[in-house]
file final.pdb (PDB, N, CA and C atoms)
MODEL        1
ATOM      1  N   MET A   1     148.892  26.192  95.125  1.00  0.00           N
ATOM      2  CA  MET A   1     149.897  26.430  96.135  1.00  0.00           C
ATOM      3  C   MET A   1     151.312  26.526  95.562  1.00  0.00           C
ATOM      4  N   PRO A   2     151.666  25.882  94.461  1.00  0.00           N
ATOM      5  CA  PRO A   2     153.033  25.994  93.940  1.00  0.00           C
ATOM      6  C   PRO A   2     153.421  27.431  93.598  1.00  0.00           C
ATOM      7  N   ILE A   3     152.475  28.222  93.124  1.00  0.00           N
ATOM      8  CA  ILE A   3     152.799  29.605  92.778  1.00  0.00           C
ATOM      9  C   ILE A   3     153.160  30.385  94.035  1.00  0.00           C
ATOM     10  N   LEU A   4     152.413  30.198  95.100  1.00  0.00           N
ATOM     11  CA  LEU A   4     152.692  30.886  96.350  1.00  0.00           C
ATOM     12  C   LEU A   4     154.045  30.468  96.916  1.00  0.00           C
ATOM     13  N   SER A   5     154.382  29.208  96.808  1.00  0.00           N
ATOM     14  CA  SER A   5     155.656  28.736  97.347  1.00  0.00           C
ATOM     15  C   SER A   5     156.841  29.340  96.603  1.00  0.00           C
ATOM     16  N   GLN A   6     156.657  29.706  95.330  1.00  0.00           N
ATOM     17  CA  GLN A   6     157.733  30.353  94.588  1.00  0.00           C
ATOM     18  C   GLN A   6     158.063  31.714  95.189  1.00  0.00           C
ATOM     19  N   PHE A   7     157.039  32.436  95.632  1.00  0.00           N
ATOM     20  CA  PHE A   7     157.259  33.752  96.216  1.00  0.00           C
ATOM     21  C   PHE A   7     157.791  33.657  97.644  1.00  0.00           C
ATOM     22  N   LEU A   8     157.477  32.594  98.329  1.00  0.00           N
ATOM     23  CA  LEU A   8     157.888  32.454  99.718  1.00  0.00           C
ATOM     24  C   LEU A   8     159.253  31.796  99.874  1.00  0.00           C
ATOM     25  N   SER A   9     159.766  31.191  98.822  1.00  0.00           N
ATOM     26  CA  SER A   9     161.068  30.524  98.929  1.00  0.00           C
ATOM     27  C   SER A   9     162.168  31.572  99.037  1.00  0.00           C
ATOM     28  N   LYS A  10     163.253  31.214  99.689  1.00  0.00           N
ATOM     29  CA  LYS A  10     164.351  32.136  99.921  1.00  0.00           C
ATOM     30  C   LYS A  10     165.523  31.890  98.972  1.00  0.00           C
ATOM     31  N   LYS A  11     165.256  31.353  97.781  1.00  0.00           N
ATOM     32  CA  LYS A  11     166.325  31.145  96.807  1.00  0.00           C
ATOM     33  C   LYS A  11     166.819  32.501  96.332  1.00  0.00           C
ATOM     34  N   GLU A  12     168.116  32.689  96.419  1.00  0.00           N
ATOM     35  CA  GLU A  12     168.715  33.950  96.010  1.00  0.00           C
ATOM     36  C   GLU A  12     169.183  33.864  94.562  1.00  0.00           C
ATOM     37  N   ASP A  13     168.856  34.870  93.815  1.00  0.00           N
ATOM     38  CA  ASP A  13     169.317  34.994  92.448  1.00  0.00           C
ATOM     39  C   ASP A  13     170.674  35.699  92.490  1.00  0.00           C
ATOM     40  N   PRO A  14     171.736  35.073  91.986  1.00  0.00           N
ATOM     41  CA  PRO A  14     173.072  35.693  92.068  1.00  0.00           C
ATOM     42  C   PRO A  14     173.138  37.068  91.397  1.00  0.00           C
ATOM     43  N   GLU A  15     172.430  37.241  90.299  1.00  0.00           N
ATOM     44  CA  GLU A  15     172.437  38.529  89.619  1.00  0.00           C
ATOM     45  C   GLU A  15     171.771  39.598  90.476  1.00  0.00           C
ATOM     46  N   ALA A  16     170.676  39.249  91.129  1.00  0.00           N
ATOM     47  CA  ALA A  16     169.976  40.203  91.987  1.00  0.00           C
ATOM     48  C   ALA A  16     170.840  40.579  93.186  1.00  0.00           C
ATOM     49  N   THR A  17     171.543  39.605  93.736  1.00  0.00           N
ATOM     50  CA  THR A  17     172.429  39.880  94.861  1.00  0.00           C
ATOM     51  C   THR A  17     173.553  40.817  94.434  1.00  0.00           C
ATOM     52  N   TYR A  18     174.114  40.587  93.260  1.00  0.00           N
ATOM     53  CA  TYR A  18     175.167  41.451  92.735  1.00  0.00           C
ATOM     54  C   TYR A  18     174.650  42.880  92.561  1.00  0.00           C
ATOM     55  N   ILE A  19     173.463  43.025  91.995  1.00  0.00           N
ATOM     56  CA  ILE A  19     172.863  44.345  91.795  1.00  0.00           C
ATOM     57  C   ILE A  19     172.620  45.022  93.142  1.00  0.00           C
ATOM     58  N   ASP A  20     172.141  44.273  94.135  1.00  0.00           N
ATOM     59  CA  ASP A  20     171.944  44.817  95.478  1.00  0.00           C
ATOM     60  C   ASP A  20     173.252  45.338  96.061  1.00  0.00           C
ATOM     61  N   ILE A  21     174.324  44.578  95.876  1.00  0.00           N
ATOM     62  CA  ILE A  21     175.628  44.984  96.404  1.00  0.00           C
ATOM     63  C   ILE A  21     176.111  46.256  95.720  1.00  0.00           C
ATOM     64  N   VAL A  22     175.953  46.331  94.403  1.00  0.00           N
ATOM     65  CA  VAL A  22     176.390  47.512  93.654  1.00  0.00           C
ATOM     66  C   VAL A  22     175.626  48.753  94.115  1.00  0.00           C
ATOM     67  N   PHE A  23     174.299  48.645  94.225  1.00  0.00           N
ATOM     68  CA  PHE A  23     173.506  49.798  94.650  1.00  0.00           C
ATOM     69  C   PHE A  23     173.814  50.185  96.091  1.00  0.00           C
ATOM     70  N   ALA A  24     173.973  49.210  96.978  1.00  0.00           N
ATOM     71  CA  ALA A  24     174.281  49.509  98.371  1.00  0.00           C
ATOM     72  C   ALA A  24     175.639  50.198  98.479  1.00  0.00           C
ATOM     73  N   ALA A  25     176.613  49.734  97.712  1.00  0.00           N
ATOM     74  CA  ALA A  25     177.940  50.365  97.732  1.00  0.00           C
ATOM     75  C   ALA A  25     177.873  51.788  97.178  1.00  0.00           C
ATOM     76  N   TRP A  26     177.143  51.962  96.094  1.00  0.00           N
ATOM     77  CA  TRP A  26     177.018  53.283  95.474  1.00  0.00           C
ATOM     78  C   TRP A  26     176.372  54.279  96.435  1.00  0.00           C
ATOM     79  N   PHE A  27     175.216  53.910  96.994  1.00  0.00           N
ATOM     80  CA  PHE A  27     174.510  54.826  97.877  1.00  0.00           C
ATOM     81  C   PHE A  27     175.196  54.944  99.234  1.00  0.00           C
ATOM     82  N   GLY A  28     175.884  53.893  99.673  1.00  0.00           N
ATOM     83  CA  GLY A  28     176.677  53.987 100.897  1.00  0.00           C
ATOM     84  C   GLY A  28     177.799  54.993 100.745  1.00  0.00           C
ATOM     85  N   THR A  29     178.473  54.944  99.603  1.00  0.00           N
ATOM     86  CA  THR A  29     179.532  55.910  99.311  1.00  0.00           C
ATOM     87  C   THR A  29     178.968  57.325  99.252  1.00  0.00           C
ATOM     88  N   GLU A  30     177.808  57.471  98.634  1.00  0.00           N
ATOM     89  CA  GLU A  30     177.178  58.792  98.549  1.00  0.00           C
ATOM     90  C   GLU A  30     176.872  59.345  99.937  1.00  0.00           C
ATOM     91  N   ILE A  31     176.312  58.519 100.813  1.00  0.00           N
ATOM     92  CA  ILE A  31     175.976  58.968 102.167  1.00  0.00           C
ATOM     93  C   ILE A  31     177.241  59.374 102.915  1.00  0.00           C
ATOM     94  N   VAL A  32     178.280  58.564 102.818  1.00  0.00           N
ATOM     95  CA  VAL A  32     179.538  58.884 103.510  1.00  0.00           C
ATOM     96  C   VAL A  32     180.098  60.212 103.002  1.00  0.00           C
ATOM     97  N   LEU A  33     180.111  60.414 101.695  1.00  0.00           N
ATOM     98  CA  LEU A  33     180.625  61.665 101.134  1.00  0.00           C
ATOM     99  C   LEU A  33     179.778  62.863 101.553  1.00  0.00           C
ATOM    100  N   ARG A  34     178.458  62.682 101.590  1.00  0.00           N
ATOM    101  CA  ARG A  34     177.580  63.777 102.018  1.00  0.00           C
ATOM    102  C   ARG A  34     177.799  64.117 103.481  1.00  0.00           C
ATOM    103  N   ILE A  35     177.987  63.108 104.318  1.00  0.00           N
ATOM    104  CA  ILE A  35     178.237  63.364 105.735  1.00  0.00           C
ATOM    105  C   ILE A  35     179.596  64.046 105.915  1.00  0.00           C
ATOM    106  N   LEU A  36     180.596  63.602 105.170  1.00  0.00           N
ATOM    107  CA  LEU A  36     181.909  64.246 105.251  1.00  0.00           C
ATOM    108  C   LEU A  36     181.852  65.700 104.765  1.00  0.00           C
ATOM    109  N   ALA A  37     181.073  65.964 103.741  1.00  0.00           N
ATOM    110  CA  ALA A  37     180.971  67.317 103.200  1.00  0.00           C
ATOM    111  C   ALA A  37     180.158  68.234 104.106  1.00  0.00           C
ATOM    112  N   ASP A  38     179.063  67.728 104.655  1.00  0.00           N
ATOM    113  CA  ASP A  38     178.157  68.567 105.442  1.00  0.00           C
ATOM    114  C   ASP A  38     178.436  68.548 106.935  1.00  0.00           C
ATOM    115  N   GLY A  39     179.084  67.510 107.412  1.00  0.00           N
ATOM    116  CA  GLY A  39     179.330  67.386 108.846  1.00  0.00           C
ATOM    117  C   GLY A  39     178.019  67.257 109.603  1.00  0.00           C
ATOM    118  N   CYS A  40     177.914  67.963 110.713  1.00  0.00           N
ATOM    119  CA  CYS A  40     176.695  67.893 111.540  1.00  0.00           C
ATOM    120  C   CYS A  40     175.478  68.477 110.832  1.00  0.00           C
ATOM    121  N   ARG A  41     175.713  69.354 109.872  1.00  0.00           N
ATOM    122  CA  ARG A  41     174.579  69.941 109.140  1.00  0.00           C
ATOM    123  C   ARG A  41     173.789  68.889 108.374  1.00  0.00           C
ATOM    124  N   PHE A  42     174.407  67.754 108.081  1.00  0.00           N
ATOM    125  CA  PHE A  42     173.692  66.682 107.383  1.00  0.00           C
ATOM    126  C   PHE A  42     172.454  66.281 108.165  1.00  0.00           C
ATOM    127  N   PHE A  43     172.548  66.293 109.499  1.00  0.00           N
ATOM    128  CA  PHE A  43     171.445  65.871 110.348  1.00  0.00           C
ATOM    129  C   PHE A  43     170.630  67.038 110.901  1.00  0.00           C
ATOM    130  N   THR A  44     171.021  68.282 110.595  1.00  0.00           N
ATOM    131  CA  THR A  44     170.308  69.419 111.180  1.00  0.00           C
ATOM    132  C   THR A  44     169.816  70.448 110.174  1.00  0.00           C
ATOM    133  N   ASN A  45     170.150  70.325 108.890  1.00  0.00           N
ATOM    134  CA  ASN A  45     169.746  71.341 107.919  1.00  0.00           C
ATOM    135  C   ASN A  45     168.264  71.200 107.555  1.00  0.00           C
ATOM    136  N   ASP A  46     167.804  71.999 106.607  1.00  0.00           N
ATOM    137  CA  ASP A  46     166.387  72.000 106.219  1.00  0.00           C
ATOM    138  C   ASP A  46     165.935  70.668 105.632  1.00  0.00           C
ATOM    139  N   GLU A  47     166.848  69.916 105.063  1.00  0.00           N
ATOM    140  CA  GLU A  47     166.508  68.626 104.470  1.00  0.00           C
ATOM    141  C   GLU A  47     166.841  67.467 105.398  1.00  0.00           C
ATOM    142  N   LYS A  48     166.889  67.733 106.703  1.00  0.00           N
ATOM    143  CA  LYS A  48     167.317  66.704 107.656  1.00  0.00           C
ATOM    144  C   LYS A  48     166.436  65.469 107.629  1.00  0.00           C
ATOM    145  N   HIS A  49     165.147  65.635 107.378  1.00  0.00           N
ATOM    146  CA  HIS A  49     164.253  64.467 107.360  1.00  0.00           C
ATOM    147  C   HIS A  49     164.577  63.538 106.190  1.00  0.00           C
ATOM    148  N   TRP A  50     164.831  64.125 105.021  1.00  0.00           N
ATOM    149  CA  TRP A  50     165.205  63.313 103.862  1.00  0.00           C
ATOM    150  C   TRP A  50     166.573  62.689 104.059  1.00  0.00           C
ATOM    151  N   ASN A  51     167.492  63.440 104.651  1.00  0.00           N
ATOM    152  CA  ASN A  51     168.834  62.916 104.885  1.00  0.00           C
ATOM    153  C   ASN A  51     168.803  61.735 105.850  1.00  0.00           C
ATOM    154  N   ILE A  52     168.035  61.859 106.923  1.00  0.00           N
ATOM    155  CA  ILE A  52     167.921  60.773 107.897  1.00  0.00           C
ATOM    156  C   ILE A  52     167.244  59.569 107.251  1.00  0.00           C
ATOM    157  N   PHE A  53     166.218  59.818 106.438  1.00  0.00           N
ATOM    158  CA  PHE A  53     165.534  58.745 105.716  1.00  0.00           C
ATOM    159  C   PHE A  53     166.514  58.018 104.797  1.00  0.00           C
ATOM    160  N   ASP A  54     167.300  58.764 104.022  1.00  0.00           N
ATOM    161  CA  ASP A  54     168.315  58.164 103.139  1.00  0.00           C
ATOM    162  C   ASP A  54     169.326  57.351 103.943  1.00  0.00           C
ATOM    163  N   PHE A  55     169.791  57.920 105.047  1.00  0.00           N
ATOM    164  CA  PHE A  55     170.765  57.253 105.898  1.00  0.00           C
ATOM    165  C   PHE A  55     170.221  55.929 106.416  1.00  0.00           C
ATOM    166  N   LEU A  56     168.969  55.930 106.881  1.00  0.00           N
ATOM    167  CA  LEU A  56     168.365  54.705 107.402  1.00  0.00           C
ATOM    168  C   LEU A  56     168.165  53.650 106.316  1.00  0.00           C
ATOM    169  N   LEU A  57     167.769  54.076 105.118  1.00  0.00           N
ATOM    170  CA  LEU A  57     167.610  53.130 104.008  1.00  0.00           C
ATOM    171  C   LEU A  57     168.935  52.470 103.652  1.00  0.00           C
ATOM    172  N   VAL A  58     169.986  53.264 103.572  1.00  0.00           N
ATOM    173  CA  VAL A  58     171.295  52.715 103.238  1.00  0.00           C
ATOM    174  C   VAL A  58     171.787  51.806 104.357  1.00  0.00           C
ATOM    175  N   ALA A  59     171.589  52.217 105.606  1.00  0.00           N
ATOM    176  CA  ALA A  59     172.020  51.394 106.739  1.00  0.00           C
ATOM    177  C   ALA A  59     171.282  50.060 106.747  1.00  0.00           C
ATOM    178  N   GLU A  60     169.993  50.077 106.470  1.00  0.00           N
ATOM    179  CA  GLU A  60     169.215  48.830 106.435  1.00  0.00           C
ATOM    180  C   GLU A  60     169.678  47.939 105.296  1.00  0.00           C
ATOM    181  N   SER A  61     169.952  48.532 104.151  1.00  0.00           N
ATOM    182  CA  SER A  61     170.412  47.768 102.996  1.00  0.00           C
ATOM    183  C   SER A  61     171.762  47.111 103.277  1.00  0.00           C
ATOM    184  N   LEU A  62     172.680  47.873 103.855  1.00  0.00           N
ATOM    185  CA  LEU A  62     174.003  47.324 104.177  1.00  0.00           C
ATOM    186  C   LEU A  62     173.912  46.255 105.262  1.00  0.00           C
ATOM    187  N   ALA A  63     173.066  46.475 106.254  1.00  0.00           N
ATOM    188  CA  ALA A  63     172.879  45.465 107.309  1.00  0.00           C
ATOM    189  C   ALA A  63     172.272  44.189 106.734  1.00  0.00           C
ATOM    190  N   SER A  64     171.303  44.348 105.859  1.00  0.00           N
ATOM    191  CA  SER A  64     170.654  43.185 105.243  1.00  0.00           C
ATOM    192  C   SER A  64     171.640  42.377 104.414  1.00  0.00           C
ATOM    193  N   LEU A  65     172.482  43.059 103.647  1.00  0.00           N
ATOM    194  CA  LEU A  65     173.483  42.352 102.846  1.00  0.00           C
ATOM    195  C   LEU A  65     174.546  41.704 103.735  1.00  0.00           C
ATOM    196  N   THR A  66     174.925  42.384 104.780  1.00  0.00           N
ATOM    197  CA  THR A  66     175.945  41.866 105.685  1.00  0.00           C
ATOM    198  C   THR A  66     175.450  40.625 106.425  1.00  0.00           C
ATOM    199  N   LEU A  67     174.204  40.670 106.852  1.00  0.00           N
ATOM    200  CA  LEU A  67     173.629  39.554 107.615  1.00  0.00           C
ATOM    201  C   LEU A  67     172.965  38.518 106.730  1.00  0.00           C
ATOM    202  N   ASN A  68     172.969  38.770 105.401  1.00  0.00           N
ATOM    203  CA  ASN A  68     172.328  37.865 104.431  1.00  0.00           C
ATOM    204  C   ASN A  68     170.882  37.542 104.789  1.00  0.00           C
ATOM    205  N   THR A  69     170.134  38.570 105.165  1.00  0.00           N
ATOM    206  CA  THR A  69     168.722  38.377 105.496  1.00  0.00           C
ATOM    207  C   THR A  69     167.812  38.730 104.329  1.00  0.00           C
ATOM    208  N   GLY A  70     168.389  39.117 103.218  1.00  0.00           N
ATOM    209  CA  GLY A  70     167.590  39.419 102.045  1.00  0.00           C
ATOM    210  C   GLY A  70     167.059  40.778 102.105  1.00  0.00           C
TER     211      GLY A  70
ENDMDL
END

call {"tool": "encode", "arguments": {"input": "final.pdb", "output": "structure tokens"}}
result
Amino acid sequence: MPILSQFLSKKEDPEATYIDIVFAAWFGTEIVLRILADGCRFFTNDEKHWNIFDFLLVAESLASLTLNTG
């Protein structure tokens, strides 16, 4: 059982949190720039499914970091 408890514990590694913040900021900036460049076409062009998927991933990552839910 000790091995399982290691995976279930919510201890945060400061380095991992820092890396999460860096990646979320990087991809958040990318999404914002893409939306500013494409405007409404970001959500309606041929790659709209990938764009929406990217947008949702970044939004979830930023929400998770903001709410500290891991």

call {"tool": "atom_distance", "arguments": {"input": "final.pdb", "atom1": "CA of Ile21 (chain A)", "atom2": "CA of Lys48 (chain A)"}}
result
25.8 Å

call {"tool": "resolve_selection", "arguments": {"input": "final.pdb", "expression": "the PyMOL selection byres (((chain A and resi 61-64 and name CA) around 12) and name CA)", "output": "PyMOL selection string"}}
result
chain A and resi 17+19-29+31+54-60+65-70

call {"tool": "atom_distance", "arguments": {"input": "final.pdb", "atom1": "CA of Pro14 (chain A)", "atom2": "atom N of Phe53 (chain A)"}}
result
28.9 Å

call {"tool": "atom_distance", "arguments": {"input": "final.pdb", "atom1": "atom N of Cys40 (chain A)", "atom2": "atom C of Ile52 (chain A)"}}
result
14.0 Å

call {"tool": "select_by_dssp", "arguments": {"input": "final.pdb", "residues": "chain A", "states": "helix (DSSP H, G or I)", "output": "ChimeraX atom specification"}}
result
/A:2-8,14-38,41-44,48-67
